[in-house]
Amino acid sequence: MHALSVASEAYPLVMTGGLADVVGALPAALAPHGVQTTTLLPGYPAVLEAAKRAKTVHQWPKLLGVEARILRADVAGLSLLILDAPTLYTRDGGLYAGPTGDDWPDNWRRFAALARAAADLASGAVADYAFDILHAHDWQAAMAPAYLRFAPGPGTPAKSLVTVHNIAFQGRFERTVFAELQLPSAAFAVDGVEYYGGVGFLKAGLEAADAITTVSPTYAEEILRPEFGMGLEGLIAAHRDRVTGIVNGIDPAVWSPERDTSIPQLYGPRTLARRRTNKRAVEQAFGLEQGDGPIFTVVSRLTWQKGMDVLAWSLDDLVAAGGRLALLGSGDAALESAFLQAAARHPGRIGVRIGYDEPLSHLLQSGGDAILIPSRFEPCGLTQLYGLAYGCVPVVARTGGLADTVIDANEAAVAAGVATGVVFDGVSYDALTRAIRRAIALHARPEVWTALQRNGMRADFSWAQSGRRYADLYRSLAAA
């Protein structure tokens with residue numbers, strides 16, 4: 001079976017978050033189940049630099065108004081097709097925003113072109129390429145199923161699947177862009193690309209796709225409700241029979257405390273005492289007082305969604321209860337300032353590093369005692385999976401993938417020997433501080449804490465099960 005995976009980023013070539021991790025890992029996860037995956041990416045400078053020996057396999061004189069071509073290359077274990085359109089992708093700044101932080105004003109054209117190219121590849125418009133499945137990730141690729149539905153190529157269109165990584169990001173644009181999307185007028189309809197008088201990329205994909213997946217079973221249920229559906233809950237409910245939740249996995253070749261060359265001391269479930277070396281390294285890196293009490297870690301975007309405002313409010317209580325904090329992240333300026341002020345109030349107890357540093361994130365997982373993830377919504381989350389793998393006990397809100405992957409250490413779960421973390425309900429000051437105090441109390445019971453660590457480390461959060469579920473879904477679509 002041949003699948004075309006279409007996305008705006010993929011690890012290790014270009015990434016801004018968990019989307020890239022999933023897109024980069026999925027081909028290897030599908031291969032053992034008889035699925036050959038080709039990944040289509042925009043021709044950002046970093047992608048072209050990594051694919052210097054790429055060969056041209058197709059050209060468009062005008063693809064949504066710009067010259068473009070498809071390049072073929074094998075890079076970093078990925079079988080790649082690259083949409084090389086310098087007018088759209090060769091520019092300074094980020095993948096989605098310019099140097100000032102504002103979204104590129106032509107993002108609609110940049111990602112409609114990606115989707116149009118994907119639909120051509122998946123419907124016989126490009127010689128020598130045929131696919132059984134077109135798998136579009138998030139709003140940047142979601143127009144591909146709409147193109148397959150309303151303006152396919154000359155061949156038989158592939159079956160299509162849209163994965164919603166975060167429904168809050170929808171790709172909504174003014175109606176004026178519709179005239180340049182090269183779609184028939186019939187596509188501008190409630191069951192097409194029209195969305196509140198404008199054009200909705202994610203909405204269009206959800207309407208047109210043969211199947212919809214989210215990145216955890218709980219999130220698949222949550223987005224049926226207004227507080228999580230972000231305006232699309234009615235559409236999701238109307239197509240509920242197409243919706244499947246498949247939790248993301250992590251790559252054990254990258255995230256394993258027994259093989260991770262970026263941490264000071266390797267260890268495993270049977271050698272947890274070795275983590276002490278890494279804990280000392282965390283204390284040194286973040287200017288924390290040395291001690292045996294728990295270090296809570298945070299590796300996160302500092303945003304409202306992640307509950308970082310509530311955490312900032314709770315820090316004095318965390319310190320008063322005997323905890324310490326090491327935080328790595330960036331985001332809202334007001335939240336960055338709040339955490340820096342907390343570090344100034346509590347020197348030696350709170351350490352903050354603004355920004356992102358991949359090796360440092362590995363150190364925090366390998367040396368911290370618990371990782372705080374108080375997200376208001378979290379489609380899947382990977383940070384808690386890294387924490388489980390490294391024996392850094394997750395303290396999480398009961399939402400989305402956090403609820404699906406962490407087993408709360410209530411007395412029954414502790415007695416049964418299955419608990420892996422602390423799960424709390426409702427992202428509020430009271431709920432979070434109670435959860436922090438509960439984690440500190442559990443940490444004071446060494447046998448219980450060690451059992452939490454080992455349970456998490458022995459759980460299988462690799463892509464093996466998720467890859468099988470995606471392959472089974474592909475086959476059911478192809479058979480239908």
# chains A, B, ... in the order shown; residues from 1 in each chain; ligands from 1

$ select_by_dssp --residues "stretch 354-445 of chain A" --states "strand (DSSP E or B)" --output "PyMOL selection string"
chain A and resi 354+370-373+393-397+408+421-424

$ residues_around --residues "A:Thr163" --least-positions-apart "4" --cutoff "7 Å" --atoms "only C-alpha atoms" --output "list in words"
Ala136, His137, Asp138, Ile212, Thr213 and Thr214 of chain A

$ write_last_selection --atoms "N, CA and C atoms" --output "mmCIF file, in the first residue's frame"
data_model
loop_
_atom_site.group_PDB
_atom_site.id
_atom_site.type_symbol
_atom_site.label_atom_id
_atom_site.label_comp_id
_atom_site.auth_asym_id
_atom_site.auth_seq_id
_atom_site.Cartn_x
_atom_site.Cartn_y
_atom_site.Cartn_z
ATOM 1 N N ALA A 136 -3.462 13.956 5.107
ATOM 2 C CA ALA A 136 -3.195 15.382 5.295
ATOM 3 C C ALA A 136 -3.160 15.715 6.780
ATOM 4 N N HIS A 137 -2.159 16.497 7.169
ATOM 5 C CA HIS A 137 -1.970 16.837 8.582
ATOM 6 C C HIS A 137 -2.274 18.311 8.822
ATOM 7 N N ASP A 138 -3.265 18.556 9.678
ATOM 8 C CA ASP A 138 -3.627 19.897 10.131
ATOM 9 C C ASP A 138 -4.060 20.809 8.973
ATOM 10 N N ILE A 212 -11.395 11.003 9.448
ATOM 11 C CA ILE A 212 -10.805 12.038 10.286
ATOM 12 C C ILE A 212 -10.177 11.341 11.485
ATOM 13 N N THR A 213 -8.953 11.710 11.817
ATOM 14 C CA THR A 213 -8.358 11.208 13.051
ATOM 15 C C THR A 213 -7.925 12.382 13.909
ATOM 16 N N THR A 214 -7.921 12.145 15.216
ATOM 17 C CA THR A 214 -7.291 13.056 16.149
ATOM 18 C C THR A 214 -6.168 12.287 16.831
#

$ residues_around --residues "stretch 231-246 of chain A" --least-positions-apart "3" --cutoff "7 Å" --atoms "only C-alpha atoms" --output "list in words"
Ala211, Ile212, Thr213, Thr214, Val215, Ser216, Pro217, Ala220, Ile223, Leu224, Arg225, Pro226 and Ser466 of chain A

$ residues_around --residues "A:Leu78" --least-positions-apart "2" --cutoff "9 Å" --atoms "only C-alpha atoms" --output "short mmCIF file (atom, residue, chain, number, x, y, z; two decimals) with N, CA, C and O atoms, in the first residue's frame"
data_model
loop_
_atom_site.label_atom_id
_atom_site.label_comp_id
_atom_site.auth_asym_id
_atom_site.auth_seq_id
_atom_site.Cartn_x
_atom_site.Cartn_y
_atom_site.Cartn_z
N GLY A 24 7.41 12.98 11.00
CA GLY A 24 8.71 12.34 10.81
C GLY A 24 8.74 10.89 11.23
O GLY A 24 9.47 10.08 10.66
N PRO A 27 6.23 7.33 8.90
CA PRO A 27 6.65 6.38 7.86
C PRO A 27 7.29 5.11 8.42
O PRO A 27 6.98 4.00 7.98
N ALA A 28 8.19 5.25 9.38
CA ALA A 28 8.84 4.08 9.96
C ALA A 28 7.85 3.24 10.76
O ALA A 28 7.98 2.01 10.84
N THR A 37 5.40 4.88 2.67
CA THR A 37 4.98 6.27 2.83
C THR A 37 5.93 7.22 2.13
O THR A 37 7.15 7.12 2.30
N THR A 38 5.37 8.13 1.35
CA THR A 38 6.11 9.25 0.78
C THR A 38 5.60 10.52 1.44
O THR A 38 4.39 10.70 1.59
N THR A 39 6.51 11.39 1.85
CA THR A 39 6.14 12.61 2.57
C THR A 39 6.34 13.82 1.66
O THR A 39 7.43 14.01 1.11
N ALA A 73 13.68 13.05 -3.32
CA ALA A 73 14.92 12.78 -2.60
C ALA A 73 14.64 11.87 -1.41
O ALA A 73 13.51 11.79 -0.92
N ASP A 74 15.66 11.18 -0.97
CA ASP A 74 15.61 10.41 0.28
C ASP A 74 16.52 11.12 1.28
O ASP A 74 17.73 11.24 1.06
N VAL A 75 15.94 11.58 2.38
CA VAL A 75 16.68 12.37 3.36
C VAL A 75 16.27 11.93 4.77
O VAL A 75 15.08 11.83 5.07
N ALA A 76 17.26 11.68 5.61
CA ALA A 76 17.02 11.39 7.03
C ALA A 76 16.02 10.27 7.22
O ALA A 76 15.18 10.33 8.12
N LEU A 80 11.07 11.54 0.32
CA LEU A 80 10.50 12.88 0.22
C LEU A 80 10.11 13.26 -1.19
O LEU A 80 10.79 12.92 -2.17
#

$ residues_around --residues "A:Asp191" --least-positions-apart "6" --cutoff "12 Å" --atoms "only C-alpha atoms" --output "VMD selection string"
chain A and resid 146 149 to 150 199 to 200 203 to 209 235 238 to 239

$ write_last_selection --atoms "C-alpha atoms" --output "CSV table (one decimal), in the first residue's frame"
chain,number,residue,atom,x,y,z
A,146,ALA,CA,-11.1,19.3,-0.9
A,149,ARG,CA,-13.3,16.2,-4.2
A,150,PHE,CA,-13.9,19.3,-6.3
A,199,VAL,CA,-12.7,30.1,3.4
A,200,GLY,CA,-11.8,27.6,6.1
A,203,LYS,CA,-13.2,22.9,7.7
A,204,ALA,CA,-12.9,22.1,4.0
A,205,GLY,CA,-10.7,19.1,4.7
A,206,LEU,CA,-13.0,17.7,7.4
A,207,GLU,CA,-16.0,18.0,5.1
A,208,ALA,CA,-14.2,16.3,2.2
A,209,ALA,CA,-12.1,13.6,3.8
A,235,LEU,CA,-19.2,19.4,11.8
A,238,ALA,CA,-22.2,15.3,11.9
A,239,HIS,CA,-19.3,13.1,10.7

$ decode --residues "stretch 83-106 of chain A" --atoms "N, CA, C and O atoms" --output "PDB file, in the first residue's frame"
ATOM      1  N   LEU A  83       7.898  20.351  -2.619  1.00  0.00           N
ATOM      2  CA  LEU A  83       7.306  21.356  -3.485  1.00  0.00           C
ATOM      3  C   LEU A  83       8.223  22.579  -3.501  1.00  0.00           C
ATOM      4  O   LEU A  83       8.230  23.372  -2.564  1.00  0.00           O
ATOM      5  N   ASP A  84       9.003  22.682  -4.558  1.00  0.00           N
ATOM      6  CA  ASP A  84       9.959  23.769  -4.692  1.00  0.00           C
ATOM      7  C   ASP A  84       9.287  24.933  -5.409  1.00  0.00           C
ATOM      8  O   ASP A  84       9.095  24.896  -6.628  1.00  0.00           O
ATOM      9  N   ALA A  85       8.913  25.946  -4.643  1.00  0.00           N
ATOM     10  CA  ALA A  85       8.286  27.152  -5.189  1.00  0.00           C
ATOM     11  C   ALA A  85       8.914  28.341  -4.459  1.00  0.00           C
ATOM     12  O   ALA A  85       8.413  28.776  -3.414  1.00  0.00           O
ATOM     13  N   PRO A  86      10.036  28.843  -4.963  1.00  0.00           N
ATOM     14  CA  PRO A  86      10.785  29.883  -4.241  1.00  0.00           C
ATOM     15  C   PRO A  86       9.943  31.096  -3.867  1.00  0.00           C
ATOM     16  O   PRO A  86      10.152  31.693  -2.801  1.00  0.00           O
ATOM     17  N   THR A  87       9.009  31.469  -4.722  1.00  0.00           N
ATOM     18  CA  THR A  87       8.157  32.625  -4.418  1.00  0.00           C
ATOM     19  C   THR A  87       7.399  32.435  -3.115  1.00  0.00           C
ATOM     20  O   THR A  87       7.141  33.398  -2.381  1.00  0.00           O
ATOM     21  N   LEU A  88       7.075  31.182  -2.789  1.00  0.00           N
ATOM     22  CA  LEU A  88       6.260  30.897  -1.614  1.00  0.00           C
ATOM     23  C   LEU A  88       7.075  30.560  -0.366  1.00  0.00           C
ATOM     24  O   LEU A  88       6.666  30.884   0.746  1.00  0.00           O
ATOM     25  N   TYR A  89       8.215  29.911  -0.550  1.00  0.00           N
ATOM     26  CA  TYR A  89       8.886  29.326   0.609  1.00  0.00           C
ATOM     27  C   TYR A  89      10.303  29.827   0.881  1.00  0.00           C
ATOM     28  O   TYR A  89      10.820  29.614   1.969  1.00  0.00           O
ATOM     29  N   THR A  90      10.945  30.466  -0.080  1.00  0.00           N
ATOM     30  CA  THR A  90      12.311  30.954   0.135  1.00  0.00           C
ATOM     31  C   THR A  90      12.255  32.371   0.670  1.00  0.00           C
ATOM     32  O   THR A  90      12.164  33.341  -0.078  1.00  0.00           O
ATOM     33  N   ARG A  91      12.266  32.480   1.989  1.00  0.00           N
ATOM     34  CA  ARG A  91      12.186  33.783   2.639  1.00  0.00           C
ATOM     35  C   ARG A  91      12.721  33.677   4.059  1.00  0.00           C
ATOM     36  O   ARG A  91      12.717  32.617   4.662  1.00  0.00           O
ATOM     37  N   ASP A  92      13.192  34.803   4.585  1.00  0.00           N
ATOM     38  CA  ASP A  92      13.650  34.853   5.970  1.00  0.00           C
ATOM     39  C   ASP A  92      12.441  34.853   6.897  1.00  0.00           C
ATOM     40  O   ASP A  92      11.383  35.374   6.565  1.00  0.00           O
ATOM     41  N   GLY A  93      12.640  34.268   8.081  1.00  0.00           N
ATOM     42  CA  GLY A  93      11.554  34.214   9.048  1.00  0.00           C
ATOM     43  C   GLY A  93      11.205  32.785   9.378  1.00  0.00           C
ATOM     44  O   GLY A  93      11.959  31.844   9.095  1.00  0.00           O
ATOM     45  N   GLY A  94      10.046  32.581   9.986  1.00  0.00           N
ATOM     46  CA  GLY A  94       9.616  31.254  10.394  1.00  0.00           C
ATOM     47  C   GLY A  94       8.820  30.549   9.307  1.00  0.00           C
ATOM     48  O   GLY A  94       8.625  31.061   8.203  1.00  0.00           O
ATOM     49  N   LEU A  95       8.339  29.358   9.638  1.00  0.00           N
ATOM     50  CA  LEU A  95       7.558  28.586   8.675  1.00  0.00           C
ATOM     51  C   LEU A  95       6.227  29.254   8.382  1.00  0.00           C
ATOM     52  O   LEU A  95       5.728  29.194   7.255  1.00  0.00           O
ATOM     53  N   TYR A  96       5.660  29.900   9.393  1.00  0.00           N
ATOM     54  CA  TYR A  96       4.317  30.459   9.254  1.00  0.00           C
ATOM     55  C   TYR A  96       4.271  31.973   9.448  1.00  0.00           C
ATOM     56  O   TYR A  96       3.265  32.600   9.140  1.00  0.00           O
ATOM     57  N   ALA A  97       5.328  32.547   9.983  1.00  0.00           N
ATOM     58  CA  ALA A  97       5.338  33.968  10.297  1.00  0.00           C
ATOM     59  C   ALA A  97       6.664  34.587   9.892  1.00  0.00           C
ATOM     60  O   ALA A  97       7.685  33.907   9.796  1.00  0.00           O
ATOM     61  N   GLY A  98       6.626  35.895   9.673  1.00  0.00           N
ATOM     62  CA  GLY A  98       7.814  36.619   9.273  1.00  0.00           C
ATOM     63  C   GLY A  98       8.682  37.012  10.456  1.00  0.00           C
ATOM     64  O   GLY A  98       8.398  36.664  11.608  1.00  0.00           O
ATOM     65  N   PRO A  99       9.739  37.765  10.209  1.00  0.00           N
ATOM     66  CA  PRO A  99      10.674  38.151  11.273  1.00  0.00           C
ATOM     67  C   PRO A  99      10.019  38.941  12.401  1.00  0.00           C
ATOM     68  O   PRO A  99      10.498  38.927  13.535  1.00  0.00           O
ATOM     69  N   THR A 100       8.908  39.637  12.109  1.00  0.00           N
ATOM     70  CA  THR A 100       8.234  40.430  13.145  1.00  0.00           C
ATOM     71  C   THR A 100       7.290  39.593  13.990  1.00  0.00           C
ATOM     72  O   THR A 100       6.740  40.087  14.982  1.00  0.00           O
ATOM     73  N   GLY A 101       7.072  38.328  13.609  1.00  0.00           N
ATOM     74  CA  GLY A 101       6.150  37.471  14.346  1.00  0.00           C
ATOM     75  C   GLY A 101       4.754  37.433  13.782  1.00  0.00           C
ATOM     76  O   GLY A 101       3.913  36.642  14.233  1.00  0.00           O
ATOM     77  N   ASP A 102       4.455  38.285  12.804  1.00  0.00           N
ATOM     78  CA  ASP A 102       3.132  38.281  12.175  1.00  0.00           C
ATOM     79  C   ASP A 102       3.055  37.186  11.116  1.00  0.00           C
ATOM     80  O   ASP A 102       4.035  36.919  10.401  1.00  0.00           O
ATOM     81  N   ASP A 103       1.867  36.561  10.990  1.00  0.00           N
ATOM     82  CA  ASP A 103       1.679  35.534   9.971  1.00  0.00           C
ATOM     83  C   ASP A 103       1.992  36.086   8.588  1.00  0.00           C
ATOM     84  O   ASP A 103       1.685  37.255   8.284  1.00  0.00           O
ATOM     85  N   TRP A 104       2.586  35.241   7.734  1.00  0.00           N
ATOM     86  CA  TRP A 104       2.779  35.649   6.346  1.00  0.00           C
ATOM     87  C   TRP A 104       1.413  35.939   5.731  1.00  0.00           C
ATOM     88  O   TRP A 104       0.491  35.125   5.835  1.00  0.00           O
ATOM     89  N   PRO A 105       1.226  37.091   5.094  1.00  0.00           N
ATOM     90  CA  PRO A 105      -0.096  37.436   4.539  1.00  0.00           C
ATOM     91  C   PRO A 105      -0.556  36.499   3.428  1.00  0.00           C
ATOM     92  O   PRO A 105      -1.751  36.413   3.157  1.00  0.00           O
ATOM     93  N   ASP A 106       0.377  35.781   2.807  1.00  0.00           N
ATOM     94  CA  ASP A 106       0.003  34.855   1.743  1.00  0.00           C
ATOM     95  C   ASP A 106       0.009  33.397   2.206  1.00  0.00           C
ATOM     96  O   ASP A 106       0.158  32.486   1.390  1.00  0.00           O
TER      97      ASP A 106
END
